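See below for entry_10.txt, which holds compact mmCIF, C-alpha atoms.
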# COMPACT_ATOMS: atom_id res chain seq x y z
CA MET A 987 -47.52 -0.80 54.47
CA SER A 988 -46.20 -3.41 52.05
CA GLN A 989 -42.64 -3.27 50.74
CA LEU A 990 -43.96 -2.36 47.30
CA MET A 991 -46.14 0.46 48.63
CA ALA A 992 -43.21 1.80 50.68
CA ALA A 993 -41.03 1.81 47.55
CA ILE A 994 -43.75 3.55 45.50
CA ASP A 995 -44.18 6.07 48.31
CA GLY A 996 -40.43 6.76 48.21
CA LEU A 997 -40.56 7.34 44.45
CA ARG A 998 -43.53 9.68 44.79
CA THR A 999 -41.94 11.61 47.67
CA ALA A 1000 -38.70 12.16 45.74
CA ARG A 1001 -40.68 13.27 42.68
CA ARG A 1002 -42.87 15.71 44.61
CA TYR A 1003 -39.76 17.34 46.01
CA THR A 1004 -38.13 17.56 42.59
CA GLU A 1005 -41.29 19.06 41.09
CA ARG A 1006 -41.43 21.73 43.81
CA ILE A 1007 -37.91 22.79 42.93
CA LEU A 1008 -38.58 22.72 39.17
CA GLU A 1009 -41.58 25.03 39.62
CA ASN A 1010 -39.10 27.76 40.56
CA VAL A 1011 -36.74 27.30 37.61
CA ASP A 1012 -37.48 29.47 34.60
CA PRO A 1013 -37.46 27.33 31.42
CA THR A 1014 -35.04 29.82 29.83
CA ASP A 1015 -32.49 28.83 32.49
CA TRP A 1016 -32.65 25.06 31.99
CA PHE A 1017 -29.53 24.94 29.78
CA ARG A 1018 -27.42 27.49 31.63
CA GLN A 1019 -24.29 26.17 33.27
CA PRO A 1020 -23.22 28.61 35.98
CA ALA A 1021 -19.62 27.39 35.75
CA GLU A 1022 -17.63 25.11 33.47
CA GLY A 1023 -18.05 21.46 34.39
CA VAL A 1024 -21.29 22.12 36.28
CA THR A 1025 -24.41 20.41 34.99
CA HIS A 1026 -27.52 22.26 33.90
CA VAL A 1027 -31.12 21.64 34.90
CA ALA A 1028 -32.06 20.07 31.56
CA TRP A 1029 -29.33 17.45 31.92
CA GLN A 1030 -30.26 16.78 35.55
CA VAL A 1031 -33.94 16.21 34.70
CA GLY A 1032 -33.09 14.09 31.66
CA HIS A 1033 -30.62 12.06 33.70
CA MET A 1034 -33.18 11.41 36.46
CA THR A 1035 -35.62 10.31 33.75
CA VAL A 1036 -33.17 7.80 32.30
CA ALA A 1037 -32.26 6.54 35.77
CA GLU A 1038 -35.90 5.88 36.66
CA PHE A 1039 -36.47 4.20 33.30
CA ARG A 1040 -33.44 1.92 33.66
CA LEU A 1041 -33.68 1.22 37.40
CA ALA A 1042 -37.40 1.10 38.12
CA MET A 1043 -38.76 -0.12 34.82
CA GLN A 1044 -36.20 -2.18 32.92
CA ARG A 1045 -34.64 -3.82 35.99
CA ILE A 1046 -38.09 -4.84 37.24
CA HIS A 1047 -39.82 -5.86 34.00
CA GLY A 1048 -36.95 -6.19 31.56
CA PRO A 1049 -36.91 -4.47 28.17
CA GLN A 1050 -40.39 -4.02 26.67
CA PRO A 1051 -41.47 -3.61 23.02
CA THR A 1052 -42.89 -0.15 23.84
CA ASP A 1053 -39.70 1.20 25.46
CA ALA A 1054 -38.69 3.23 22.39
CA GLU A 1055 -42.06 5.00 22.48
CA LEU A 1056 -41.45 5.95 26.10
CA VAL A 1057 -37.78 7.00 25.88
CA SER A 1058 -35.93 7.35 22.58
CA ASP A 1059 -32.42 6.02 22.00
CA GLU A 1060 -31.32 9.62 21.45
CA PHE A 1061 -32.71 10.64 24.86
CA LEU A 1062 -30.92 7.70 26.49
CA ALA A 1063 -27.63 8.73 24.87
CA LEU A 1064 -27.99 12.41 25.83
CA PHE A 1065 -28.82 11.77 29.48
CA GLY A 1066 -27.72 8.23 30.33
CA LYS A 1067 -24.83 6.98 32.39
CA GLY A 1068 -21.57 8.48 31.19
CA SER A 1069 -23.21 11.36 29.30
CA GLN A 1070 -21.92 14.89 29.81
CA PRO A 1071 -23.99 18.08 29.81
CA ASP A 1072 -23.48 20.54 26.98
CA PRO A 1073 -24.66 24.17 27.32
CA ASP A 1074 -25.76 24.16 23.66
CA ALA A 1075 -29.55 23.81 23.93
CA SER A 1076 -29.81 22.94 20.22
CA LYS A 1077 -28.25 19.54 20.98
CA TYR A 1078 -31.17 18.61 23.24
CA PRO A 1079 -34.92 18.13 23.07
CA SER A 1080 -36.90 21.18 24.19
CA VAL A 1081 -37.59 21.81 27.88
CA GLN A 1082 -41.19 20.77 27.24
CA GLN A 1083 -40.09 17.49 25.64
CA ILE A 1084 -37.65 16.72 28.46
CA ARG A 1085 -40.31 17.49 31.05
CA ALA A 1086 -42.94 15.42 29.18
CA THR A 1087 -40.58 12.42 29.07
CA PHE A 1088 -39.74 12.92 32.77
CA ASP A 1089 -43.46 12.89 33.65
CA ARG A 1090 -44.35 10.04 31.27
CA VAL A 1091 -41.64 7.72 32.60
CA HIS A 1092 -42.66 8.37 36.19
CA GLU A 1093 -46.35 7.77 35.48
CA GLN A 1094 -45.56 4.55 33.60
CA THR A 1095 -43.21 3.39 36.37
CA ILE A 1096 -45.92 3.78 39.02
CA GLU A 1097 -48.50 2.12 36.78
CA GLN A 1098 -46.28 -0.90 36.03
CA LEU A 1099 -45.30 -1.32 39.67
CA ARG A 1100 -48.92 -1.81 40.76
CA THR A 1101 -48.82 -5.40 39.49
CA VAL A 1102 -45.41 -6.46 40.83
CA SER A 1103 -45.43 -9.36 43.29
CA ASP A 1104 -43.38 -9.62 46.48
CA GLU A 1105 -41.64 -12.61 44.92
CA THR A 1106 -40.54 -10.47 41.98
CA LEU A 1107 -39.34 -7.71 44.32
CA GLU A 1108 -37.20 -10.18 46.26
CA SER A 1109 -35.59 -11.62 43.12
CA PRO A 1110 -32.08 -10.60 42.04
CA SER A 1111 -31.67 -7.49 39.94
CA GLU A 1112 -29.60 -8.10 36.80
CA PRO A 1113 -27.02 -7.07 35.87
CA PRO A 1114 -25.34 -6.70 39.27
CA HIS A 1115 -25.26 -3.19 40.72
CA PRO A 1116 -22.99 -1.94 43.53
CA MET A 1117 -25.85 -0.25 45.43
CA PHE A 1118 -28.44 -3.06 45.58
CA SER A 1119 -28.93 -6.75 44.84
CA THR A 1120 -32.71 -7.15 44.50
CA LYS A 1121 -35.41 -5.55 42.39
CA LEU A 1122 -36.83 -3.97 45.55
CA GLY A 1123 -33.39 -2.49 46.14
CA ALA A 1124 -33.46 -1.07 42.61
CA LEU A 1125 -36.70 0.75 43.44
CA HIS A 1126 -35.30 2.18 46.66
CA TRP A 1127 -32.14 3.25 44.86
CA THR A 1128 -34.22 4.99 42.18
CA ALA A 1129 -35.72 7.31 44.80
CA GLN A 1130 -32.35 7.78 46.50
CA HIS A 1131 -30.70 8.54 43.16
CA GLU A 1132 -33.21 11.28 42.48
CA ILE A 1133 -32.44 12.78 45.88
CA HIS A 1134 -28.81 11.83 46.45
CA ALA A 1135 -27.41 11.68 42.93
CA ARG A 1136 -24.03 11.06 41.38
CA ARG A 1137 -21.93 12.83 43.97
CA PRO A 1138 -22.93 12.16 47.57
CA ASP A 1139 -22.37 15.82 48.44
CA GLN A 1140 -24.63 17.13 45.68
CA PRO A 1141 -28.12 15.64 45.22
CA HIS A 1142 -29.89 16.18 41.90
CA GLN A 1143 -32.49 18.41 43.56
CA THR A 1144 -29.78 20.38 45.35
CA THR A 1145 -27.98 20.73 42.05
CA ILE A 1146 -31.18 21.99 40.39
CA GLY A 1147 -31.81 24.37 43.27
CA GLU A 1148 -28.24 25.65 43.11
CA ARG A 1149 -28.53 26.25 39.36
CA ARG A 1150 -31.73 28.20 39.96
CA ASP A 1151 -30.09 30.34 42.67
CA VAL A 1152 -26.83 30.90 40.79
CA VAL A 1153 -28.62 31.78 37.56
CA ALA A 1154 -30.86 34.17 39.52
CA GLY A 1155 -27.73 35.74 41.02
CA SER A 1156 -28.64 35.06 44.64
CA VAL A 1157 -25.50 32.95 45.28
CA GLY A 1158 -22.13 32.48 43.62
CA ALA A 1159 -21.30 29.43 41.50
CA GLY A 1160 -19.16 27.88 44.24
CA ASP A 1161 -21.45 28.71 47.16
CA ARG A 1162 -23.36 25.99 48.97
CA VAL A 1163 -27.08 26.53 49.42
How does the structure come out when it is put into structure tokens?
Amino acid sequence: MSQLMAAIDGLRTARRYTERILENVDPTDWFRQPAEGVTHVAWQVGHMTVAEFRLAMQRIHGPQPTDAELVSDEFLALFGKGSQPDPDASKYPSVQQIRATFDRVHEQTIEQLRTVSDETLESPSEPPHPMFSTKLGALHWTAQHEIHARRPDQPHQTTIGERRDVVAGSVGAGDRV
């Protein structure tokens, strides 16, 4: 398997796992924060969307004229690096819009990657990032980010799964699942 195909496989594997978890989260629970300072599912999904857009699309191909059609500036601000979740659903796009952007970015990422050369993958990723130095590294980190997230002890999927379980009342807000 080529390096590119291995990276694409990693992205697809992470996404399949995330989708399995999301299937079990009621859309009415996407904005519920089980405890103060804890993210909600909508923010997690939006954040993973922005991460894939920035890491796997813009770092590989650079900014494109159609970027704003794919992910709005408002979406980037709500879910990008440094953003904070707010339990007020009215401040966010709908669950359907967040999910549509999540799906659209992933589909476009995979489509754009089909034409990337090994030479491009081996080239430096700019600007510098503490977790990788090449564009191939950016792709691998994209999949890891979706699984391993901001805090090493709490992957995005685990966080989504915990929100689902806490909201459903099967575990307490501080319990590990």
Exercise for review: Determine, counting all atoms listed in the file, which protein, DNA and RNA residues have an atom within 12 Å of an atom of A:Ala1063; residues of the same chain fewer than 3 positions away are not included. Present the result as a PyMOL selection string.
Suggested key: chain A and resi 1029+1032-1033+1036+1057-1060+1066-1071+1077-1078
Review point. By how many Å are atom CA of A:Pro1116 and atom CA of A:Ala1000 apart?
Key: 21.2 Å
Point to revise | Selection as a list in words: residues within 12 Å of (-32.8, 30.4, 28.5), counting all atoms listed in the file | key: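 Neighbouring residues, ordered by chain and number, come to Val1011, Asp1012, Pro1013, Thr1014, Asp1015, Trp1016, Phe1017, Arg1018, Gln1019, His1026, Val1027, Ala1028, Pro1073, Asp1074, Ala1075, Ser1076, Ser1080, Val1081, Arg1150, Val1153 and Ala1154 of chain A.
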Practice item. Name the closest residue to A:Glu1112 among the candidates A:Thr1128, A:Gln1044, A:Gln1083, A:Thr1052; distances are taken between atoms, counting only C-alpha atoms. Key: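 Counting only C-alpha atoms, the residue closest to A:Glu1112 is A:Gln1044.
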Exercise for review: Would you please work out which residue, of A:Thr1025, A:Gln1082, A:Gln1098, A:Gly996, is nearest to A:Trp1127 when using all atoms listed in the file?
Suggested key: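 Result for the nearest residue to A:Trp1127: A:Gly996.
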Hey, can you pull every residue with an atom no more than 12 Å from (-34.8, 14.4, 34.2), using only C-alpha atoms, and send it as a CSV table (one decimal) with C-alpha atoms, in the coordinates of the input?
chain,number,residue,atom,x,y,z
A,1001,ARG,CA,-40.7,13.3,42.7
A,1004,THR,CA,-38.1,17.6,42.6
A,1005,GLU,CA,-41.3,19.1,41.1
A,1008,LEU,CA,-38.6,22.7,39.2
A,1016,TRP,CA,-32.6,25.1,32.0
A,1026,HIS,CA,-27.5,22.3,33.9
A,1027,VAL,CA,-31.1,21.6,34.9
A,1028,ALA,CA,-32.1,20.1,31.6
A,1029,TRP,CA,-29.3,17.4,31.9
A,1030,GLN,CA,-30.3,16.8,35.6
A,1031,VAL,CA,-33.9,16.2,34.7
A,1032,GLY,CA,-33.1,14.1,31.7
A,1033,HIS,CA,-30.6,12.1,33.7
A,1034,MET,CA,-33.2,11.4,36.5
A,1035,THR,CA,-35.6,10.3,33.8
A,1036,VAL,CA,-33.2,7.8,32.3
A,1037,ALA,CA,-32.3,6.5,35.8
A,1038,GLU,CA,-35.9,5.9,36.7
A,1039,PHE,CA,-36.5,4.2,33.3
A,1057,VAL,CA,-37.8,7.0,25.9
A,1061,PHE,CA,-32.7,10.6,24.9
A,1062,LEU,CA,-30.9,7.7,26.5
A,1064,LEU,CA,-28.0,12.4,25.8
A,1065,PHE,CA,-28.8,11.8,29.5
A,1066,GLY,CA,-27.7,8.2,30.3
A,1079,PRO,CA,-34.9,18.1,23.1
A,1081,VAL,CA,-37.6,21.8,27.9
A,1082,GLN,CA,-41.2,20.8,27.2
A,1083,GLN,CA,-40.1,17.5,25.6
A,1084,ILE,CA,-37.6,16.7,28.5
A,1085,ARG,CA,-40.3,17.5,31.0
A,1086,ALA,CA,-42.9,15.4,29.2
A,1087,THR,CA,-40.6,12.4,29.1
A,1088,PHE,CA,-39.7,12.9,32.8
A,1089,ASP,CA,-43.5,12.9,33.6
A,1090,ARG,CA,-44.4,10.0,31.3
A,1091,VAL,CA,-41.6,7.7,32.6
A,1092,HIS,CA,-42.7,8.4,36.2
A,1131,HIS,CA,-30.7,8.5,43.2
A,1132,GLU,CA,-33.2,11.3,42.5
A,1135,ALA,CA,-27.4,11.7,42.9
A,1142,HIS,CA,-29.9,16.2,41.9
A,1143,GLN,CA,-32.5,18.4,43.6
A,1146,ILE,CA,-31.2,22.0,40.4
Check your understanding: With all atoms listed in the file as the basis for distance, which of A:Ile1007, A:Ile994, A:Ala1129, A:Ala1021 is at the shortest distance from A:Thr1101?
Key ->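 The shortest atom-to-atom distance to A:Thr1101 comes from A:Ile994.
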Check your understanding: So which residues touch A:Asp1104 within 12 Å, counting only C-alpha atoms, skipping near sequence neighbours fewer than 3 positions away, as a PyMOL selection string?
Key -> chain A and resi 988-991+993+1046+1099-1101+1107-1109+1120-1122
Practice item. Between atom CA of A:Gln1130 and atom CA of A:Glu1055, measure the distance and give it in Å to one decimal. Key: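 For atom CA of A:Gln1130 relative to atom CA of A:Glu1055, the distance reads 26.1 Å.
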